[in-house]
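Coordinates as given in upload_8.pdb (PDB, C-alpha atoms, pLDDT in the B column):
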ATOM      1  CA  MET S   1      87.339 115.765  88.651  1.00 49.00           C
ATOM      2  CA  ALA S   2      85.140 116.488  91.670  1.00 49.00           C
ATOM      3  CA  ILE S   3      86.382 116.319  95.262  1.00 51.00           C
ATOM      4  CA  ILE S   4      83.739 115.591  97.886  1.00 51.00           C
ATOM      5  CA  LYS S   5      84.988 117.222 101.084  1.00 50.00           C
ATOM      6  CA  LYS S   6      81.912 116.567 103.218  1.00 50.00           C
ATOM      7  CA  SER S   7      79.494 113.695 102.840  1.00 50.00           C
ATOM      8  CA  ASN S   8      77.424 111.355 104.923  1.00 52.00           C
ATOM      9  CA  PHE S   9      78.873 108.398 103.064  1.00 49.00           C
ATOM     10  CA  ALA S  10      82.074 107.256 101.391  1.00 59.00           C
ATOM     11  CA  PHE S  11      82.355 105.114  98.295  1.00 56.00           C
ATOM     12  CA  LYS S  12      84.967 103.595  95.990  1.00 61.00           C
ATOM     13  CA  GLY S  13      84.845 102.037  92.544  1.00 63.00           C
ATOM     14  CA  ARG S  14      82.705 102.665  89.483  1.00 64.00           C
ATOM     15  CA  LEU S  15      79.515 104.667  89.809  1.00 59.00           C
ATOM     16  CA  GLY S  16      77.694 104.972  86.487  1.00 58.00           C
ATOM     17  CA  LEU S  17      79.944 106.944  84.138  1.00 58.00           C
ATOM     18  CA  ASN S  18      82.219 107.916  87.022  1.00 66.00           C
ATOM     19  CA  THR S  19      84.800 106.248  89.220  1.00 68.00           C
ATOM     20  CA  ALA S  20      85.340 107.054  92.892  1.00 67.00           C
ATOM     21  CA  SER S  21      88.306 106.658  95.212  1.00 67.00           C
ATOM     22  CA  ILE S  22      89.318 107.735  98.713  1.00 67.00           C
ATOM     23  CA  VAL S  23      92.688 109.402  99.331  1.00 64.00           C
ATOM     24  CA  HIS S  24      93.611 110.617 102.826  1.00 59.00           C
ATOM     25  CA  GLY S  25      89.947 110.413 103.809  1.00 63.00           C
ATOM     26  CA  VAL S  26      88.734 112.529 100.881  1.00 62.00           C
ATOM     27  CA  ASN S  27      86.253 111.174  98.318  1.00 64.00           C
ATOM     28  CA  ILE S  28      87.421 111.809  94.733  1.00 65.00           C
ATOM     29  CA  LEU S  29      84.968 111.405  91.861  1.00 60.00           C
ATOM     30  CA  LYS S  30      86.298 111.255  88.279  1.00 65.00           C
ATOM     31  CA  GLY S  31      84.439 110.916  85.003  1.00 61.00           C
ATOM     32  CA  LEU S  32      85.376 107.914  82.874  1.00 58.00           C
ATOM     33  CA  PRO S  33      87.041 108.754  79.549  1.00 61.00           C
ATOM     34  CA  ALA S  34      84.829 108.596  76.472  1.00 57.00           C
ATOM     35  CA  GLY S  35      87.361 106.395  74.723  1.00 52.00           C
ATOM     36  CA  VAL S  36      90.599 104.635  75.609  1.00 50.00           C
ATOM     37  CA  ARG S  37      93.690 105.031  73.451  1.00 60.00           C
ATOM     38  CA  ASN S  38      96.055 102.083  73.618  1.00 56.00           C
ATOM     39  CA  PRO S  39      99.216 102.940  71.730  1.00 62.00           C
ATOM     40  CA  ARG S  40     101.688 100.058  71.589  1.00 65.00           C
ATOM     41  CA  THR S  41     104.828 101.688  70.265  1.00 78.00           C
ATOM     42  CA  SER S  42     108.108 100.402  71.676  1.00 78.00           C
ATOM     43  CA  ALA S  43     108.564 103.655  73.620  1.00 75.00           C
ATOM     44  CA  GLN S  44     105.086 103.410  75.118  1.00 84.00           C
ATOM     45  CA  MET S  45     105.560  99.754  76.069  1.00 82.00           C
ATOM     46  CA  ASP S  46     108.889 100.589  77.728  1.00 81.00           C
ATOM     47  CA  ASN S  47     107.191 103.366  79.670  1.00 82.00           C
ATOM     48  CA  ARG S  48     104.492 100.973  80.849  1.00 89.00           C
ATOM     49  CA  GLU S  49     107.127  98.472  81.996  1.00 92.00           C
ATOM     50  CA  ARG S  50     108.924 101.247  83.885  1.00 93.00           C
ATOM     51  CA  PHE S  51     105.709 102.286  85.608  1.00 94.00           C
ATOM     52  CA  LYS S  52     104.922  98.641  86.454  1.00 95.00           C
ATOM     53  CA  THR S  53     108.383  98.138  87.972  1.00 96.00           C
ATOM     54  CA  LEU S  54     108.107 101.326  90.034  1.00 97.00           C
ATOM     55  CA  ALA S  55     104.678 100.242  91.298  1.00 97.00           C
ATOM     56  CA  GLN S  56     106.043  96.815  92.314  1.00 97.00           C
ATOM     57  CA  LEU S  57     108.936  98.451  94.167  1.00 98.00           C
ATOM     58  CA  ALA S  58     106.571 100.889  95.875  1.00 98.00           C
ATOM     59  CA  ALA S  59     104.461  97.984  97.136  1.00 98.00           C
ATOM     60  CA  ALA S  60     107.520  96.078  98.391  1.00 98.00           C
ATOM     61  CA  PHE S  61     109.029  99.121 100.140  1.00 98.00           C
ATOM     62  CA  ILE S  62     105.767 100.270 101.741  1.00 98.00           C
ATOM     63  CA  GLY S  63     106.829  99.217 105.257  1.00 97.00           C
ATOM     64  CA  ALA S  64     109.773 101.626 105.146  1.00 98.00           C
ATOM     65  CA  SER S  65     108.061 104.298 103.037  1.00 98.00           C
ATOM     66  CA  ASN S  66     105.131 104.589 105.444  1.00 97.00           C
ATOM     67  CA  ILE S  67     107.637 105.991 107.927  1.00 97.00           C
ATOM     68  CA  GLY S  68     110.365 107.459 105.750  1.00 98.00           C
ATOM     69  CA  LEU S  69     108.271 109.160 103.046  1.00 98.00           C
ATOM     70  CA  LYS S  70     105.213 110.333 104.975  1.00 96.00           C
ATOM     71  CA  ASN S  71     106.513 113.909 105.199  1.00 95.00           C
ATOM     72  CA  LYS S  72     107.514 113.922 101.519  1.00 95.00           C
ATOM     73  CA  ALA S  73     104.049 112.694 100.484  1.00 95.00           C
ATOM     74  CA  LYS S  74     102.504 115.701 102.234  1.00 93.00           C
ATOM     75  CA  GLN S  75     104.969 118.023 100.487  1.00 93.00           C
ATOM     76  CA  TYR S  76     104.023 116.599  97.083  1.00 92.00           C
ATOM     77  CA  GLY S  77     100.350 117.384  97.703  1.00 90.00           C
ATOM     78  CA  PRO S  78      97.354 116.633  99.956  1.00 87.00           C
ATOM     79  CA  LEU S  79      96.115 113.758  97.773  1.00 88.00           C
ATOM     80  CA  VAL S  80      99.484 112.064  97.123  1.00 93.00           C
ATOM     81  CA  THR S  81      99.679 108.565  98.606  1.00 96.00           C
ATOM     82  CA  ILE S  82     102.822 107.013 100.088  1.00 97.00           C
ATOM     83  CA  CYS S  83     103.172 104.748  97.035  1.00 97.00           C
ATOM     84  CA  ASP S  84     102.811 107.758  94.729  1.00 96.00           C
ATOM     85  CA  ALA S  85     105.505 109.567  96.724  1.00 97.00           C
ATOM     86  CA  PHE S  86     107.856 106.566  96.393  1.00 98.00           C
ATOM     87  CA  MET S  87     107.334 106.436  92.639  1.00 97.00           C
ATOM     88  CA  LYS S  88     107.907 110.181  92.256  1.00 96.00           C
ATOM     89  CA  ALA S  89     111.065 110.052  94.387  1.00 97.00           C
ATOM     90  CA  ASN S  90     112.519 107.078  92.492  1.00 98.00           C
ATOM     91  CA  GLN S  91     111.644 107.753  88.851  1.00 95.00           C
ATOM     92  CA  GLY S  92     115.307 108.054  87.941  1.00 95.00           C
ATOM     93  CA  ALA S  93     116.221 104.710  89.543  1.00 97.00           C
ATOM     94  CA  VAL S  94     114.366 102.592  86.965  1.00 96.00           C
ATOM     95  CA  SER S  95     115.200 102.446  83.269  1.00 94.00           C
ATOM     96  CA  VAL S  96     113.770 100.223  80.522  1.00 91.00           C
ATOM     97  CA  MET S  97     115.283  99.272  77.206  1.00 85.00           C
ATOM     98  CA  GLY S  98     113.662  96.821  74.810  1.00 83.00           C
ATOM     99  CA  GLY S  99     111.067  95.820  77.378  1.00 82.00           C
ATOM    100  CA  GLU S 100     113.655  94.909  80.050  1.00 89.00           C
ATOM    101  CA  ALA S 101     113.578  96.938  83.263  1.00 92.00           C
ATOM    102  CA  GLU S 102     116.790  97.695  85.128  1.00 95.00           C
ATOM    103  CA  VAL S 103     116.772  98.977  88.713  1.00 97.00           C
ATOM    104  CA  ASP S 104     119.606 101.044  90.169  1.00 98.00           C
ATOM    105  CA  TYR S 105     119.208  99.745  93.718  1.00 98.00           C
ATOM    106  CA  GLY S 106     121.863 102.101  95.014  1.00 98.00           C
ATOM    107  CA  SER S 107     119.741 105.096  93.991  1.00 98.00           C
ATOM    108  CA  LEU S 108     116.448 103.963  95.537  1.00 98.00           C
ATOM    109  CA  LYS S 109     115.147 106.104  98.391  1.00 98.00           C
ATOM    110  CA  CYS S 110     112.699 104.911 101.040  1.00 98.00           C
ATOM    111  CA  ALA S 111     113.162 107.971 103.277  1.00 98.00           C
ATOM    112  CA  LEU S 112     113.734 111.662 102.549  1.00 98.00           C
ATOM    113  CA  GLY S 113     114.381 114.534 104.924  1.00 97.00           C
ATOM    114  CA  ASN S 114     116.990 116.762 106.545  1.00 95.00           C
ATOM    115  CA  LEU S 115     117.663 114.895 109.797  1.00 96.00           C
ATOM    116  CA  PRO S 116     121.379 113.964 110.069  1.00 95.00           C
ATOM    117  CA  GLN S 117     122.033 110.447 108.793  1.00 93.00           C
ATOM    118  CA  ALA S 118     123.389 107.736 111.045  1.00 92.00           C
ATOM    119  CA  GLY S 119     126.628 107.029 109.166  1.00 93.00           C
ATOM    120  CA  PHE S 120     126.166 103.374 108.288  1.00 95.00           C
ATOM    121  CA  GLY S 121     128.994 100.906 107.907  1.00 95.00           C
ATOM    122  CA  ASN S 122     128.932  97.709 105.856  1.00 94.00           C
ATOM    123  CA  ALA S 123     126.256  95.051 106.173  1.00 96.00           C
ATOM    124  CA  SER S 124     127.342  91.645 107.482  1.00 97.00           C
ATOM    125  CA  PHE S 125     125.773  88.379 106.296  1.00 97.00           C
ATOM    126  CA  ALA S 126     127.993  86.090 108.390  1.00 95.00           C
ATOM    127  CA  GLU S 127     125.156  84.602 110.475  1.00 95.00           C
ATOM    128  CA  PRO S 128     122.468  82.473 108.799  1.00 96.00           C
ATOM    129  CA  GLN S 129     119.194  84.290 108.118  1.00 97.00           C
ATOM    130  CA  ARG S 130     120.498  87.515 109.625  1.00 96.00           C
ATOM    131  CA  VAL S 131     121.730  90.878 108.423  1.00 98.00           C
ATOM    132  CA  THR S 132     123.798  92.956 110.833  1.00 97.00           C
ATOM    133  CA  VAL S 133     124.695  96.599 110.279  1.00 97.00           C
ATOM    134  CA  THR S 134     126.838  98.921 112.364  1.00 95.00           C
ATOM    135  CA  TYR S 135     126.471 102.704 112.349  1.00 95.00           C
ATOM    136  CA  SER S 136     128.133 105.664 114.002  1.00 90.00           C
ATOM    137  CA  THR S 137     126.698 106.849 117.312  1.00 83.00           C
ATOM    138  CA  SER S 138     126.297 110.417 116.036  1.00 78.00           C
ATOM    139  CA  ALA S 139     124.023 111.874 118.715  1.00 78.00           C
ATOM    140  CA  ASP S 140     126.345 114.884 119.091  1.00 84.00           C
ATOM    141  CA  MET S 141     125.750 116.039 115.504  1.00 88.00           C
ATOM    142  CA  PRO S 142     123.724 119.278 115.232  1.00 91.00           C
ATOM    143  CA  GLY S 143     120.080 118.390 114.698  1.00 93.00           C
ATOM    144  CA  SER S 144     120.359 114.831 116.037  1.00 93.00           C
ATOM    145  CA  ASP S 145     119.426 113.392 119.426  1.00 94.00           C
ATOM    146  CA  ALA S 146     120.336 110.340 121.484  1.00 93.00           C
ATOM    147  CA  GLN S 147     116.684 109.241 121.345  1.00 95.00           C
ATOM    148  CA  ASP S 148     116.555 109.154 117.533  1.00 96.00           C
ATOM    149  CA  LYS S 149     115.361 105.866 116.079  1.00 97.00           C
ATOM    150  CA  VAL S 150     117.388 104.039 113.404  1.00 97.00           C
ATOM    151  CA  TYR S 151     115.709 101.615 110.983  1.00 98.00           C
ATOM    152  CA  MET S 152     117.032  99.030 108.529  1.00 98.00           C
ATOM    153  CA  PHE S 153     115.110  97.846 105.486  1.00 98.00           C
ATOM    154  CA  ILE S 154     116.039  94.641 103.663  1.00 98.00           C
ATOM    155  CA  TYR S 155     114.722  94.105 100.113  1.00 98.00           C
ATOM    156  CA  GLN S 156     114.791  90.791  98.235  1.00 98.00           C
ATOM    157  CA  PRO S 157     114.213  91.382  94.487  1.00 98.00           C
ATOM    158  CA  ASP S 158     113.402  87.788  93.423  1.00 97.00           C
ATOM    159  CA  THR S 159     110.462  87.525  95.812  1.00 97.00           C
ATOM    160  CA  LYS S 160     109.738  91.285  95.632  1.00 97.00           C
ATOM    161  CA  GLN S 161     109.502  91.354  99.425  1.00 97.00           C
ATOM    162  CA  GLY S 162     110.946  93.663 102.026  1.00 98.00           C
ATOM    163  CA  ILE S 163     111.435  93.582 105.806  1.00 97.00           C
ATOM    164  CA  LEU S 164     111.643  96.613 108.088  1.00 97.00           C
ATOM    165  CA  SER S 165     113.646  96.204 111.278  1.00 96.00           C
ATOM    166  CA  ALA S 166     112.528  97.192 114.737  1.00 96.00           C
ATOM    167  CA  PRO S 167     113.964 100.621 115.626  1.00 97.00           C
ATOM    168  CA  SER S 168     117.302 100.964 117.411  1.00 96.00           C
ATOM    169  CA  LEU S 169     118.506 104.018 119.289  1.00 96.00           C
ATOM    170  CA  ARG S 170     120.999 106.223 117.479  1.00 93.00           C
ATOM    171  CA  THR S 171     123.444 105.628 120.357  1.00 93.00           C
ATOM    172  CA  THR S 172     123.234 101.818 120.097  1.00 94.00           C
ATOM    173  CA  GLY S 173     125.532 101.674 117.077  1.00 94.00           C
ATOM    174  CA  SER S 174     124.237  98.457 115.484  1.00 94.00           C
ATOM    175  CA  ALA S 175     121.096  96.704 114.285  1.00 94.00           C
ATOM    176  CA  ASP S 176     120.357  93.052 113.665  1.00 93.00           C
ATOM    177  CA  VAL S 177     117.574  91.932 111.301  1.00 95.00           C
ATOM    178  CA  ARG S 178     116.283  88.379 110.970  1.00 96.00           C
ATOM    179  CA  VAL S 179     115.056  87.384 107.491  1.00 97.00           C
ATOM    180  CA  PRO S 180     112.952  84.398 106.322  1.00 96.00           C
ATOM    181  CA  GLY S 181     114.617  81.030 105.840  1.00 96.00           C
ATOM    182  CA  SER S 182     113.254  81.001 102.288  1.00 97.00           C
ATOM    183  CA  TRP S 183     115.697  83.826 101.487  1.00 98.00           C
ATOM    184  CA  THR S 184     118.721  81.589 102.094  1.00 97.00           C
ATOM    185  CA  GLY S 185     121.052  81.822  99.090  1.00 97.00           C
ATOM    186  CA  LEU S 186     119.246  84.861  97.684  1.00 98.00           C
ATOM    187  CA  THR S 187     120.637  88.354  97.142  1.00 98.00           C
ATOM    188  CA  VAL S 188     119.262  91.227  99.207  1.00 98.00           C
ATOM    189  CA  HIS S 189     119.735  95.001  99.258  1.00 98.00           C
ATOM    190  CA  VAL S 190     120.058  96.881 102.539  1.00 98.00           C
ATOM    191  CA  TYR S 191     118.939 100.432 103.372  1.00 98.00           C
ATOM    192  CA  GLY S 192     118.949 102.499 106.546  1.00 98.00           C
ATOM    193  CA  PHE S 193     117.466 105.746 107.808  1.00 97.00           C
ATOM    194  CA  ALA S 194     116.729 107.610 111.034  1.00 97.00           C
ATOM    195  CA  ILE S 195     113.685 109.292 112.593  1.00 97.00           C
ATOM    196  CA  GLY S 196     114.061 112.115 115.098  1.00 96.00           C
ATOM    197  CA  ASP S 197     112.645 111.386 118.542  1.00 96.00           C
ATOM    198  CA  GLY S 198     114.199 114.120 120.650  1.00 94.00           C
ATOM    199  CA  ARG S 199     112.628 117.260 122.057  1.00 93.00           C
ATOM    200  CA  GLU S 200     113.890 119.472 119.221  1.00 95.00           C
ATOM    201  CA  ASN S 201     113.707 117.086 116.244  1.00 95.00           C
ATOM    202  CA  GLN S 202     110.574 115.014 116.899  1.00 96.00           C
ATOM    203  CA  GLY S 203     109.274 113.470 113.662  1.00 96.00           C
ATOM    204  CA  LYS S 204     112.073 114.708 111.410  1.00 97.00           C
ATOM    205  CA  ILE S 205     113.357 112.165 108.896  1.00 97.00           C
ATOM    206  CA  SER S 206     116.785 111.545 107.380  1.00 97.00           C
ATOM    207  CA  ASP S 207     117.498 110.566 103.808  1.00 98.00           C
ATOM    208  CA  SER S 208     117.823 106.816 103.468  1.00 98.00           C
ATOM    209  CA  SER S 209     121.258 105.372 102.773  1.00 97.00           C
ATOM    210  CA  TYR S 210     122.062 102.417 100.548  1.00 98.00           C
ATOM    211  CA  ILE S 211     124.178 100.230 102.819  1.00 98.00           C
ATOM    212  CA  GLY S 212     124.991  97.499 100.313  1.00 97.00           C
ATOM    213  CA  THR S 213     124.087  94.097  98.965  1.00 98.00           C
ATOM    214  CA  GLY S 214     124.883  90.512  99.879  1.00 98.00           C
ATOM    215  CA  VAL S 215     123.703  86.914  99.885  1.00 98.00           C
ATOM    216  CA  ILE S 216     121.726  85.505 102.807  1.00 97.00           C
ATOM    217  CA  GLY S 217     123.469  82.564 104.472  1.00 93.00           C
TER     218      GLY S 217
END

Rewrite the structure from the file as structure tokens, please.
Amino acid sequence: MAIIKKSNFAFKGRLGLNTASIVHGVNILKGLPAGVRNPRTSAQMDNRERFKTLAQLAAAFIGASNIGLKNKAKQYGPLVTICDAFMKANQGAVSVMGGEAEVDYGSLKCALGNLPQAGFGNASFAEPQRVTVTYSTSADMPGSDAQDKVYMFIYQPDTKQGILSAPSLRTTGSADVRVPGSWTGLTVHVYGFAIGDGRENQGKISDSSYIGTGVIG
């Protein structure tokens, strides 16, 4: 693999017997394999299904991961994308048996870091097309700040779509997220995390919390 650090041009895709991509602004040139092995054992097929499921989740969670996993992606390595970071962080949340993938939604992480969490309560689905979540106003916790931003992420597995809320202040104590009307009657999973925005914790990220699941009214 060759990494082009300086060039007058950038390119992606196949180039002769090589393939090129751009990651974090760096051109990467790889030689194509001489031959392609395609084993189709049950274990290999299960592994492919697991990878496919993780990739679909990474795409759906990208709105939250772009914020919550950006620091973790840098820790993994300079050429690790946000989607790669999500898949690495959530390998243990997806299992496959006999070609059927099972997702442990309670274990999924869309944010990782050491900022104090917000202390989320239960999610409410009482109002049509809305998800409301309360959380503790924990600005007095060491490492937190009143200006910290709290985010909610709502994931709908049937449509493989997710919605990131607008940020709320840590001191507000609640967040309200509107979801599409097409989600009415469908099950969703709710996550929350915080981003530091004070003088001492600017840019720090909390671990995400699994808040719960419910049906959209």

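You will find atom CA of Thr159 of chain S at 19.4 Å from atom CA of Met87 of chain S.
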
Could you expand the PyMOL selection byres ((chain S and resi 55-58) around 9) into the explicit residues it covers here, written as a PDB file with C-alpha atoms, in the coordinates of the input?
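What ended up in result-v9.pdb:
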ATOM      1  CA  ARG S  50     108.924 101.247  83.885  1.00 93.00           C
ATOM      2  CA  PHE S  51     105.709 102.286  85.608  1.00 94.00           C
ATOM      3  CA  LYS S  52     104.922  98.641  86.454  1.00 95.00           C
ATOM      4  CA  THR S  53     108.383  98.138  87.972  1.00 96.00           C
ATOM      5  CA  LEU S  54     108.107 101.326  90.034  1.00 97.00           C
ATOM      6  CA  ALA S  59     104.461  97.984  97.136  1.00 98.00           C
ATOM      7  CA  ALA S  60     107.520  96.078  98.391  1.00 98.00           C
ATOM      8  CA  PHE S  61     109.029  99.121 100.140  1.00 98.00           C
ATOM      9  CA  ILE S  62     105.767 100.270 101.741  1.00 98.00           C
ATOM     10  CA  SER S  65     108.061 104.298 103.037  1.00 98.00           C
ATOM     11  CA  ILE S  82     102.822 107.013 100.088  1.00 97.00           C
ATOM     12  CA  CYS S  83     103.172 104.748  97.035  1.00 97.00           C
ATOM     13  CA  ASP S  84     102.811 107.758  94.729  1.00 96.00           C
ATOM     14  CA  ALA S  85     105.505 109.567  96.724  1.00 97.00           C
ATOM     15  CA  PHE S  86     107.856 106.566  96.393  1.00 98.00           C
ATOM     16  CA  MET S  87     107.334 106.436  92.639  1.00 97.00           C
ATOM     17  CA  CYS S 110     112.699 104.911 101.040  1.00 98.00           C
ATOM     18  CA  PRO S 157     114.213  91.382  94.487  1.00 98.00           C
ATOM     19  CA  LYS S 160     109.738  91.285  95.632  1.00 97.00           C
ATOM     20  CA  GLN S 161     109.502  91.354  99.425  1.00 97.00           C
TER      21      GLN S 161
END

Non-local contacts of Pro116 of chain S (12 Å; all atoms listed in the file; under 6 positions in same chain excluded) as a PyMOL selection string: chain S and resi 136-145+148-150+170+193-196+201+204-209

query: So, counting all atoms listed in the file, which residue among S:Val80, S:Lys74, S:Val133, S:Gly217 is closest to Gly181 of chain S?
result: S:Gly217

Straight-line distance linking atom CA of Asp197 of chain S with atom CA of Leu169 of chain S, stated in Å to one decimal: 9.4 Å

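Atom CA of Leu112 of chain S is positioned 11.1 Å from atom CA of Ala64 of chain S.
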
Can you list, as an mmCIF file with C-alpha atoms, in the coordinates of the input, every protein, DNA or RNA residue that comes within 10 Å of Asp158 of chain S when you count all atoms listed in the file, leaving out same-chain residues fewer than 3 positions away?
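Result written to selection_35.cif:
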data_model
loop_
_atom_site.group_PDB
_atom_site.id
_atom_site.type_symbol
_atom_site.label_atom_id
_atom_site.label_comp_id
_atom_site.auth_asym_id
_atom_site.auth_seq_id
_atom_site.Cartn_x
_atom_site.Cartn_y
_atom_site.Cartn_z
ATOM 1 C CA TYR S 155 114.722 94.105 100.113
ATOM 2 C CA GLN S 161 109.502 91.354 99.425
ATOM 3 C CA TRP S 183 115.697 83.826 101.487
ATOM 4 C CA LEU S 186 119.246 84.861 97.684
ATOM 5 C CA THR S 187 120.637 88.354 97.142
ATOM 6 C CA VAL S 188 119.262 91.227 99.207
#

task: Identify which of the residues S:Ser124, S:Asn114, S:Gln91, S:Ser42 lies closest to Gly68 of chain S, counting only C-alpha atoms when measuring atom-to-atom distances.
output: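 Once distances to Gly68 of chain S are computed over only C-alpha atoms, the minimum belongs to S:Asn114.
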
message: Under the rule that all atoms listed in the file are counted, which of S:Ile154, S:Leu115, S:Phe120, S:Glu100 is the nearest residue to Glu200 of chain S?
response: S:Leu115

Once you add 8 Å to each side, what are the centre and edge lengths of the axis-aligned box holding all listed atoms of segment 52-67 of chain S? One decimal in Å, as JSON, if you can.
{"center_x": 107.1, "center_y": 101.0, "center_z": 97.2, "size_x": 21.3, "size_y": 25.9, "size_z": 37.5}

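Across S:Val131, S:Tyr151, S:Gly92, S:Gly203, the tightest approach to Asn71 of chain S is made by S:Gly203 when counting only C-alpha atoms.
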
Model the absent atoms of segment 46-64 of chain S so that N, CA, C and O atoms are present, and write the result as a PDB file, keeping the file's coordinate frame.
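To be explicit, this is the file written out as rebuild_18.pdb:
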ATOM      1  N   ASP S  46     107.802 100.424  76.762  1.00 81.00           N
ATOM      2  CA  ASP S  46     108.889 100.589  77.728  1.00 81.00           C
ATOM      3  C   ASP S  46     108.425 101.443  78.904  1.00 81.00           C
ATOM      4  O   ASP S  46     108.758 101.162  80.067  1.00 81.00           O
ATOM      5  N   ASN S  47     107.676 102.490  78.614  1.00 82.00           N
ATOM      6  CA  ASN S  47     107.191 103.366  79.670  1.00 82.00           C
ATOM      7  C   ASN S  47     106.239 102.622  80.602  1.00 82.00           C
ATOM      8  O   ASN S  47     106.261 102.817  81.825  1.00 82.00           O
ATOM      9  N   ARG S  48     105.402 101.758  80.026  1.00 89.00           N
ATOM     10  CA  ARG S  48     104.492 100.973  80.849  1.00 89.00           C
ATOM     11  C   ARG S  48     105.260 100.005  81.748  1.00 89.00           C
ATOM     12  O   ARG S  48     104.904  99.796  82.912  1.00 89.00           O
ATOM     13  N   GLU S  49     106.312  99.397  81.202  1.00 92.00           N
ATOM     14  CA  GLU S  49     107.127  98.472  81.996  1.00 92.00           C
ATOM     15  C   GLU S  49     107.827  99.218  83.130  1.00 92.00           C
ATOM     16  O   GLU S  49     107.949  98.695  84.249  1.00 92.00           O
ATOM     17  N   ARG S  50     108.273 100.428  82.856  1.00 93.00           N
ATOM     18  CA  ARG S  50     108.924 101.247  83.885  1.00 93.00           C
ATOM     19  C   ARG S  50     107.934 101.579  85.004  1.00 93.00           C
ATOM     20  O   ARG S  50     108.268 101.474  86.192  1.00 93.00           O
ATOM     21  N   PHE S  51     106.740 101.972  84.621  1.00 94.00           N
ATOM     22  CA  PHE S  51     105.709 102.286  85.608  1.00 94.00           C
ATOM     23  C   PHE S  51     105.357 101.041  86.430  1.00 94.00           C
ATOM     24  O   PHE S  51     105.204 101.111  87.657  1.00 94.00           O
ATOM     25  N   LYS S  52     105.234  99.897  85.761  1.00 95.00           N
ATOM     26  CA  LYS S  52     104.922  98.641  86.454  1.00 95.00           C
ATOM     27  C   LYS S  52     106.007  98.297  87.471  1.00 95.00           C
ATOM     28  O   LYS S  52     105.705  97.908  88.613  1.00 95.00           O
ATOM     29  N   THR S  53     107.267  98.450  87.076  1.00 96.00           N
ATOM     30  CA  THR S  53     108.383  98.138  87.972  1.00 96.00           C
ATOM     31  C   THR S  53     108.388  99.067  89.173  1.00 96.00           C
ATOM     32  O   THR S  53     108.595  98.641  90.317  1.00 96.00           O
ATOM     33  N   LEU S  54     108.168 100.364  88.931  1.00 97.00           N
ATOM     34  CA  LEU S  54     108.107 101.326  90.034  1.00 97.00           C
ATOM     35  C   LEU S  54     106.968 100.988  90.993  1.00 97.00           C
ATOM     36  O   LEU S  54     107.126 101.088  92.221  1.00 97.00           O
ATOM     37  N   ALA S  55     105.827 100.593  90.459  1.00 97.00           N
ATOM     38  CA  ALA S  55     104.678 100.242  91.298  1.00 97.00           C
ATOM     39  C   ALA S  55     104.977  99.013  92.149  1.00 97.00           C
ATOM     40  O   ALA S  55     104.610  98.948  93.328  1.00 97.00           O
ATOM     41  N   GLN S  56     105.679  98.013  91.557  1.00 97.00           N
ATOM     42  CA  GLN S  56     106.043  96.815  92.314  1.00 97.00           C
ATOM     43  C   GLN S  56     107.023  97.154  93.430  1.00 97.00           C
ATOM     44  O   GLN S  56     106.904  96.646  94.553  1.00 97.00           O
ATOM     45  N   LEU S  57     107.981  98.027  93.143  1.00 98.00           N
ATOM     46  CA  LEU S  57     108.936  98.451  94.167  1.00 98.00           C
ATOM     47  C   LEU S  57     108.231  99.225  95.276  1.00 98.00           C
ATOM     48  O   LEU S  57     108.513  99.039  96.464  1.00 98.00           O
ATOM     49  N   ALA S  58     107.305 100.101  94.886  1.00 98.00           N
ATOM     50  CA  ALA S  58     106.571 100.889  95.875  1.00 98.00           C
ATOM     51  C   ALA S  58     105.806  99.988  96.833  1.00 98.00           C
ATOM     52  O   ALA S  58     105.763 100.232  98.046  1.00 98.00           O
ATOM     53  N   ALA S  59     105.195  98.929  96.293  1.00 98.00           N
ATOM     54  CA  ALA S  59     104.461  97.984  97.136  1.00 98.00           C
ATOM     55  C   ALA S  59     105.400  97.234  98.076  1.00 98.00           C
ATOM     56  O   ALA S  59     105.079  97.022  99.248  1.00 98.00           O
ATOM     57  N   ALA S  60     106.570  96.837  97.573  1.00 98.00           N
ATOM     58  CA  ALA S  60     107.520  96.078  98.391  1.00 98.00           C
ATOM     59  C   ALA S  60     108.148  96.934  99.479  1.00 98.00           C
ATOM     60  O   ALA S  60     108.438  96.451 100.571  1.00 98.00           O
ATOM     61  N   PHE S  61     108.365  98.216  99.202  1.00 98.00           N
ATOM     62  CA  PHE S  61     109.029  99.121 100.140  1.00 98.00           C
ATOM     63  C   PHE S  61     108.059  99.833 101.075  1.00 98.00           C
ATOM     64  O   PHE S  61     108.473 100.686 101.851  1.00 98.00           O
ATOM     65  N   ILE S  62     106.770  99.496 101.028  1.00 98.00           N
ATOM     66  CA  ILE S  62     105.767 100.270 101.741  1.00 98.00           C
ATOM     67  C   ILE S  62     106.011 100.308 103.256  1.00 98.00           C
ATOM     68  O   ILE S  62     105.707 101.312 103.917  1.00 98.00           O
ATOM     69  N   GLY S  63     106.556  99.230 103.817  1.00 97.00           N
ATOM     70  CA  GLY S  63     106.829  99.217 105.257  1.00 97.00           C
ATOM     71  C   GLY S  63     107.772 100.332 105.675  1.00 97.00           C
ATOM     72  O   GLY S  63     107.565 100.995 106.694  1.00 97.00           O
ATOM     73  N   ALA S  64     108.817 100.550 104.859  1.00 98.00           N
ATOM     74  CA  ALA S  64     109.773 101.626 105.146  1.00 98.00           C
ATOM     75  C   ALA S  64     109.212 102.977 104.722  1.00 98.00           C
ATOM     76  O   ALA S  64     109.356 103.975 105.433  1.00 98.00           O
TER      77      ALA S  64
END
